[in-house]
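Undergrad: My questions all concern the structure below.
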There are 2 protein chains.
Amino acid sequence: MSEINSAPTMKDVAREAGVALGTVSKVINGIPVGESYRVRVEEAVAKLNYRVNSYAKGLKTNKTFTVAVMVPNLISPFFAKLVNCINKALTARRHRMLLYATDYDPTQEQEYVILAEQQKVDGIICLSYNPDLKVSENLPLVSIDRYFGAHIPCVASDNYGGGRMAAEKLVENGCRSLAFMRIGSRLTNEPNKRKEGFISACEAMDVPYTLKIVDDGTPYSAFEDFLNEHFHEGKLDFDGIFCVTDTLAYQILGSLRKMGVRVPEDVQLIGFDGVRSFGDLDLFCSTIVQPLDEIAETCVNLVLEKGQTSAPSLICLPVHYACGGTTKE
Amino acid sequence: MSEINSAPTMKDVAREAGVALGTVSKVINGIPVGESYRVRVEEAVAKLNYRVNSYAKGLKTNKTFTVAVMVPNLISPFFAKLVNCINKALTARRHRMLLYATDYDPTQEQEYVILAEQQKVDGIICLSYNPDLKVSENLPLVSIDRYFGAHIPCVASDNYGGGRMAAEKLVENGCRSLAFMRIGSRLTNEPNKRKEGFISACEAMDVPYTLKIVDDGTPYSAFEDFLNEHFHEGKLDFDGIFCVTDTLAYQILGSLRKMGVRVPEDVQLIGFDGVRSFGDLDLFCSTIVQPLDEIAETCVNLVLEKGQTSAPSLICLPVHYACGGTTKE
DNA sequence: TTGTATGCGTTATCAT
DNA sequence: ATGATAACGCATACAA
């Protein structure tokens, strides 16, 4: 009898089926063998409930069918949905996903990369806040939203175009004076281009604008102060606001309501991301929607095909506008 | 020289340091060796940027320091936050997380279990909708919210207590007639006890109640119909509503507003879960909050300690009430 | 204390 | 077409 209380191996299957080890391997991997042999092996596999040991296989083939995905957290609905999409894309390609949540900590990010290297993953997809992340040269890496250099492909939304789109949409809806609000990392990353696109559109249309930009960690009250400074005789100095994320837009919306400013009648508001309540119900605000499915698909394609093709260093995918009730249309 | 373009192995480190293979292994695993040897090995490791190959290690030790986590998706903020908490708990125990999103599909769930078995994970934590999921006997499994039987530990909130708490809170806040609304799986799972707790409390307090219970897949309009049926002369038949999830409560809230019913003045509303907008901003409604951190911690402890201790088959963790503006307090 | 040899479960290269 | 055998990288029992 075979070992009790231990998973069966190919050897057990071979013995059970009365064939050689190599034959079992061939059947498992779909390599043609004699019909009668194939049947006997398949029966033995079913009888013993045999499962291939991925660790032994990975050791031999140097291919693990596993990709590491690194994001700050899953609390933020944007990250959560992104990971969900990546998971779907990986599953479709028959790959497993190893998930690391970094909590924005560069030290943890670096540690996770080392873990991924040990785990011999086939590649890493990351949304990193570590400006000088070190990754082994021969491990395929794809970055989301952060440009590391020409050697590492970066996938992002068309943030610049989205910024332009927001400004244009507000003006199209009748706004005469705009404001841009942003809280975020001071690191140069792709989302920072939202501001540049916004400004460029404002200047092209010759529309006046005000900026309120603060670093991560600044208390939200800074924005309430800003709103109050621009609030005179029951009116705001601007009638259109573009917020760098839906999160901020949602908070601003709360402040405006408290101030008695009507949205979208008195001021119109556009956010960025396209986040929905409970994942798939309504939008929190009018917004520029990021194409998460396409971003995920692109990342997975790049990370799995790296080396086989020379990838572009930056891919920007098209965004679109969606009315979520905080604009006139 | 060692092989170019290929990750260094222990053998390379041994050669570089001028020591034997076994010595390198000992240094790597913290087993005491002569001081001078240790230093030389550490230098070689640093120089070659050596990383232990987890696949070779796992093959040898039969321990992979990896746990598979299986949930329906990450779109739902409840699942996303749960996975986030489990990830933190696993990281604290120096384990990796393999993530599977099943999309509620029993077939996929079964396939993922097979994948996990192949991957030789140290255990599986799952929130499953497959009533007859088959898992290899010797693979530790912990279930969330679904009781599979005495041999598989199940971790859940105190759903029954939460249901009672909701009814009691509504009555405490002045409600005289209650309604319970639920959409969900017909499978017997722990969350279904919310209804039982609710009813038990209503009967203990001698408060009349109405139930509206539909299966997953029923269009939401069924609830609007229900509300309209109980809407006479601008008033609802009940002044307190308990919804089985925050998601449903949020939708009901929208319907009530459309009907011109004021919340919480005319009717008070309590949901379940404790979901917050954008993960950590405000509650969508007054709610019974599930202790996700504790649930995650408990699952991880159970799955990693399985076999060492005889685990209880059902663990219910305490919930608490939080006012989110849809109740008077 | 350090070095050597064997085997984990698989794949792949050989003879047969 | 099938069966025996040598690696893959590491841990460990055993010998030095």
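Following the order of the structure tokens, chains are lettered A, B, ..., residues in each are numbered from 1, and ligands are numbered from 1.
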With a cut-off of 8 Å and counting only C-alpha atoms (C1' of nucleotides), select all residues of chain C in contact with chain B and give the selection as a list in words.
TA: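 Matching residues, ligands excluded from the count: DT1, DT2, DG3, DC8 and DG9 of chain C.
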Undergrad: List the spatial neighbours of Pro8 of chain A as a list in words - criterion: any atom at most 12 Å away, only C-alpha atoms (C1' of nucleotides), same-chain residues fewer than 5 positions off excluded.
TA: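 Surrounding residues, per the criterion: Met1, Ser2, Glu3, Val13, Ala14, Arg15, Glu16, Ala44, Val45, Ala46, Lys47, Leu48, Asn49, Tyr50, Arg51, Val52 and Asn53 of chain A; Glu117, Gln118, Ser136 and Asn138 of chain B; DG9 of chain C.
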Undergrad: Select residues of chain B: the criterion is any atom within 9 Å of an atom of chain A, counting only C-alpha atoms; output as a PyMOL selection string.
TA: chain B and resi 5-7+49+51-59+64+73-78+80-85+87-88+91+96-101+114-115+117-120+136+138+246-247+251+275+277-281
Undergrad: How about saving the chosen residues, C-alpha atoms kept, as a PDB file, in the first residue's frame?
TA:
```pdb
ATOM      1  CA  ASN B   5      21.247  35.364 -16.772  1.00  0.00           C
ATOM      2  CA  SER B   6      19.932  32.934 -14.186  1.00  0.00           C
ATOM      3  CA  ALA B   7      19.137  33.386 -10.518  1.00  0.00           C
ATOM      4  CA  ASN B  49      21.770  39.100  -4.477  1.00  0.00           C
ATOM      5  CA  ARG B  51      17.153  34.675  -2.830  1.00  0.00           C
ATOM      6  CA  VAL B  52      15.959  31.381  -1.393  1.00  0.00           C
ATOM      7  CA  ASN B  53      13.868  29.475  -3.916  1.00  0.00           C
ATOM      8  CA  SER B  54      10.574  28.900  -2.106  1.00  0.00           C
ATOM      9  CA  TYR B  55       9.646  26.182  -4.557  1.00  0.00           C
ATOM     10  CA  ALA B  56      12.664  24.063  -3.743  1.00  0.00           C
ATOM     11  CA  LYS B  57      12.221  24.796  -0.065  1.00  0.00           C
ATOM     12  CA  GLY B  58       8.531  23.982  -0.138  1.00  0.00           C
ATOM     13  CA  LEU B  59       9.174  20.765  -1.982  1.00  0.00           C
ATOM     14  CA  THR B  64       4.768  26.782   1.735  1.00  0.00           C
ATOM     15  CA  ASN B  73     -15.308  39.150  -5.538  1.00  0.00           C
ATOM     16  CA  LEU B  74     -13.552  42.310  -4.443  1.00  0.00           C
ATOM     17  CA  ILE B  75     -16.145  44.647  -5.897  1.00  0.00           C
ATOM     18  CA  SER B  76     -18.323  44.423  -2.841  1.00  0.00           C
ATOM     19  CA  PRO B  77     -16.755  46.644  -0.187  1.00  0.00           C
ATOM     20  CA  PHE B  78     -17.564  44.107   2.489  1.00  0.00           C
ATOM     21  CA  ALA B  80     -12.785  43.779  -0.104  1.00  0.00           C
ATOM     22  CA  LYS B  81     -12.352  44.925   3.465  1.00  0.00           C
ATOM     23  CA  LEU B  82     -12.502  41.359   4.723  1.00  0.00           C
ATOM     24  CA  VAL B  83      -9.719  40.329   2.355  1.00  0.00           C
ATOM     25  CA  ASN B  84      -7.746  43.384   3.358  1.00  0.00           C
ATOM     26  CA  CYS B  85      -7.963  42.331   7.005  1.00  0.00           C
ATOM     27  CA  ASN B  87      -4.065  39.971   4.246  1.00  0.00           C
ATOM     28  CA  LYS B  88      -2.851  42.008   7.179  1.00  0.00           C
ATOM     29  CA  THR B  91       1.402  39.205   6.664  1.00  0.00           C
ATOM     30  CA  ARG B  96       1.627  34.886   1.683  1.00  0.00           C
ATOM     31  CA  MET B  97      -1.883  35.134   0.323  1.00  0.00           C
ATOM     32  CA  LEU B  98      -3.128  33.503  -2.831  1.00  0.00           C
ATOM     33  CA  LEU B  99      -6.382  35.158  -3.858  1.00  0.00           C
ATOM     34  CA  TYR B 100      -9.227  33.571  -5.762  1.00  0.00           C
ATOM     35  CA  ALA B 101     -12.376  35.460  -6.778  1.00  0.00           C
ATOM     36  CA  ILE B 114      -8.076  21.949  -6.728  1.00  0.00           C
ATOM     37  CA  LEU B 115      -5.638  24.688  -7.703  1.00  0.00           C
ATOM     38  CA  GLU B 117      -4.336  21.679  -3.430  1.00  0.00           C
ATOM     39  CA  GLN B 118      -1.843  21.604  -6.283  1.00  0.00           C
ATOM     40  CA  GLN B 119      -0.219  24.704  -4.956  1.00  0.00           C
ATOM     41  CA  LYS B 120       0.302  22.868  -1.673  1.00  0.00           C
ATOM     42  CA  SER B 136      -8.981  17.128   0.620  1.00  0.00           C
ATOM     43  CA  ASN B 138      -5.646  16.870   5.195  1.00  0.00           C
ATOM     44  CA  ASP B 246     -26.147  47.956   4.147  1.00  0.00           C
ATOM     45  CA  THR B 247     -26.409  47.575   0.396  1.00  0.00           C
ATOM     46  CA  GLN B 251     -31.236  51.167  -1.927  1.00  0.00           C
ATOM     47  CA  VAL B 275     -19.707  49.493   5.228  1.00  0.00           C
ATOM     48  CA  SER B 277     -18.104  55.131   1.678  1.00  0.00           C
ATOM     49  CA  PHE B 278     -14.660  54.988   0.063  1.00  0.00           C
ATOM     50  CA  GLY B 279     -13.700  52.380   2.608  1.00  0.00           C
ATOM     51  CA  ASP B 280     -13.182  54.671   5.566  1.00  0.00           C
ATOM     52  CA  LEU B 281     -15.382  57.753   5.278  1.00  0.00           C
TER      53      LEU B 281
END
```
Undergrad: Using atom CA of Pro106 of chain A and atom CA of Lys134 of chain A as the two end points, give the distance in Å to one decimal.
TA: 10.7 Å
Undergrad: Pairing every Cα of chain B with chain A in order, what RMSD remains after the least-squares superposition?
TA: 0.1 Å
Undergrad: I need the residues of segment 5-236 of chain A that end up classed as strand (DSSP E) by DSSP on the backbone, written out as a PyMOL selection string.
TA: chain A and resi 66-71+96-101+123-126+141-144+154-157+178-184+209-215+231-232+235-236
Undergrad: Any chance you could export the current selection's N, CA and C atoms as a short mmCIF file (atom, residue, chain, number, x, y, z; two decimals), in the first residue's frame?
TA:
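File produced: result.cif:
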```
data_model
loop_
_atom_site.label_atom_id
_atom_site.label_comp_id
_atom_site.auth_asym_id
_atom_site.auth_seq_id
_atom_site.Cartn_x
_atom_site.Cartn_y
_atom_site.Cartn_z
N THR A 66 2.21 31.99 -11.63
CA THR A 66 1.78 32.85 -10.53
C THR A 66 2.29 34.26 -10.77
N VAL A 67 1.45 35.25 -10.54
CA VAL A 67 1.85 36.64 -10.69
C VAL A 67 1.58 37.35 -9.37
N ALA A 68 2.52 38.15 -8.91
CA ALA A 68 2.32 38.91 -7.69
C ALA A 68 1.69 40.26 -8.03
N VAL A 69 0.69 40.64 -7.26
CA VAL A 69 0.04 41.94 -7.45
C VAL A 69 0.20 42.73 -6.16
N MET A 70 0.71 43.93 -6.30
CA MET A 70 1.02 44.75 -5.13
C MET A 70 0.28 46.07 -5.22
N VAL A 71 -0.59 46.34 -4.27
CA VAL A 71 -1.33 47.61 -4.21
C VAL A 71 -1.28 48.12 -2.77
N ARG A 96 -2.29 32.16 -11.29
CA ARG A 96 -2.71 32.44 -9.93
C ARG A 96 -2.25 33.84 -9.54
N MET A 97 -2.88 34.37 -8.52
CA MET A 97 -2.52 35.71 -8.07
C MET A 97 -2.08 35.71 -6.61
N LEU A 98 -0.91 36.23 -6.39
CA LEU A 98 -0.39 36.41 -5.04
C LEU A 98 -0.62 37.87 -4.70
N LEU A 99 -1.30 38.15 -3.61
CA LEU A 99 -1.65 39.55 -3.33
C LEU A 99 -0.88 40.13 -2.15
N TYR A 100 -0.32 41.29 -2.37
CA TYR A 100 0.38 42.00 -1.31
C TYR A 100 -0.24 43.37 -1.12
N ALA A 101 -0.62 43.70 0.10
CA ALA A 101 -1.11 45.05 0.41
C ALA A 101 -0.02 45.77 1.18
N GLY A 123 5.95 37.14 -12.68
CA GLY A 123 6.01 38.57 -12.88
C GLY A 123 5.33 39.31 -11.75
N ILE A 124 5.50 40.63 -11.75
CA ILE A 124 4.89 41.47 -10.72
C ILE A 124 4.12 42.61 -11.39
N ILE A 125 2.91 42.84 -10.90
CA ILE A 125 2.14 44.02 -11.32
C ILE A 125 2.00 44.87 -10.08
N CYS A 126 2.46 46.11 -10.14
CA CYS A 126 2.39 46.89 -8.91
C CYS A 126 1.92 48.31 -9.12
N LEU A 141 8.24 43.12 -14.67
CA LEU A 141 7.53 44.04 -13.78
C LEU A 141 6.70 45.00 -14.62
N VAL A 142 5.44 45.19 -14.24
CA VAL A 142 4.61 46.19 -14.91
C VAL A 142 4.08 47.12 -13.84
N SER A 143 4.18 48.40 -14.09
CA SER A 143 3.75 49.38 -13.12
C SER A 143 2.43 50.03 -13.55
N ILE A 144 1.61 50.33 -12.57
CA ILE A 144 0.37 51.04 -12.85
C ILE A 144 0.50 52.46 -12.30
N CYS A 154 4.73 51.04 -18.07
CA CYS A 154 3.78 51.66 -17.15
C CYS A 154 2.43 51.76 -17.84
N VAL A 155 1.41 51.32 -17.15
CA VAL A 155 0.05 51.38 -17.69
C VAL A 155 -0.76 52.37 -16.87
N ALA A 156 -1.47 53.24 -17.53
CA ALA A 156 -2.26 54.24 -16.81
C ALA A 156 -3.45 54.67 -17.66
N SER A 157 -4.36 55.38 -17.03
CA SER A 157 -5.42 56.02 -17.79
C SER A 157 -4.82 57.21 -18.52
N LEU A 178 -13.47 78.20 -13.06
CA LEU A 178 -13.27 76.85 -12.52
C LEU A 178 -12.30 76.80 -11.35
N ALA A 179 -12.38 75.67 -10.62
CA ALA A 179 -11.41 75.41 -9.56
C ALA A 179 -10.93 73.98 -9.68
N PHE A 180 -9.66 73.76 -9.34
CA PHE A 180 -9.10 72.41 -9.33
C PHE A 180 -8.63 72.11 -7.92
N MET A 181 -8.99 70.96 -7.41
CA MET A 181 -8.56 70.60 -6.06
C MET A 181 -7.90 69.24 -6.08
N ARG A 182 -6.80 69.18 -5.36
CA ARG A 182 -6.06 67.93 -5.35
C ARG A 182 -5.38 67.71 -4.02
N ILE A 183 -5.45 66.47 -3.55
CA ILE A 183 -4.61 66.05 -2.43
C ILE A 183 -3.93 64.80 -2.93
N GLY A 184 -2.64 64.71 -2.68
CA GLY A 184 -1.96 63.53 -3.21
C GLY A 184 -0.48 63.53 -2.93
N TYR A 209 -9.19 80.09 -13.74
CA TYR A 209 -9.21 78.94 -12.82
C TYR A 209 -8.40 79.22 -11.57
N THR A 210 -8.76 78.51 -10.53
CA THR A 210 -8.05 78.60 -9.25
C THR A 210 -7.58 77.20 -8.90
N LEU A 211 -6.43 77.08 -8.25
CA LEU A 211 -5.92 75.76 -7.86
C LEU A 211 -5.83 75.66 -6.34
N LYS A 212 -6.17 74.50 -5.82
CA LYS A 212 -5.92 74.23 -4.40
C LYS A 212 -5.26 72.86 -4.34
N ILE A 213 -3.98 72.86 -4.04
CA ILE A 213 -3.21 71.62 -4.10
C ILE A 213 -2.46 71.40 -2.80
N VAL A 214 -2.73 70.26 -2.16
CA VAL A 214 -2.03 69.97 -0.90
C VAL A 214 -1.45 68.56 -0.94
N ASP A 215 -0.49 68.34 -0.06
CA ASP A 215 0.16 67.03 0.00
C ASP A 215 -0.65 66.03 0.82
N PHE A 231 -15.83 82.21 -0.67
CA PHE A 231 -17.28 82.25 -0.50
C PHE A 231 -17.67 83.66 -0.05
N HIS A 232 -18.36 84.39 -0.92
CA HIS A 232 -18.74 85.76 -0.59
C HIS A 232 -20.22 85.97 -0.86
N LYS A 235 -22.19 83.20 -2.29
CA LYS A 235 -21.78 82.69 -3.61
C LYS A 235 -20.31 82.32 -3.64
N LEU A 236 -20.00 81.27 -4.36
CA LEU A 236 -18.60 80.90 -4.56
C LEU A 236 -18.02 81.68 -5.73
#
```
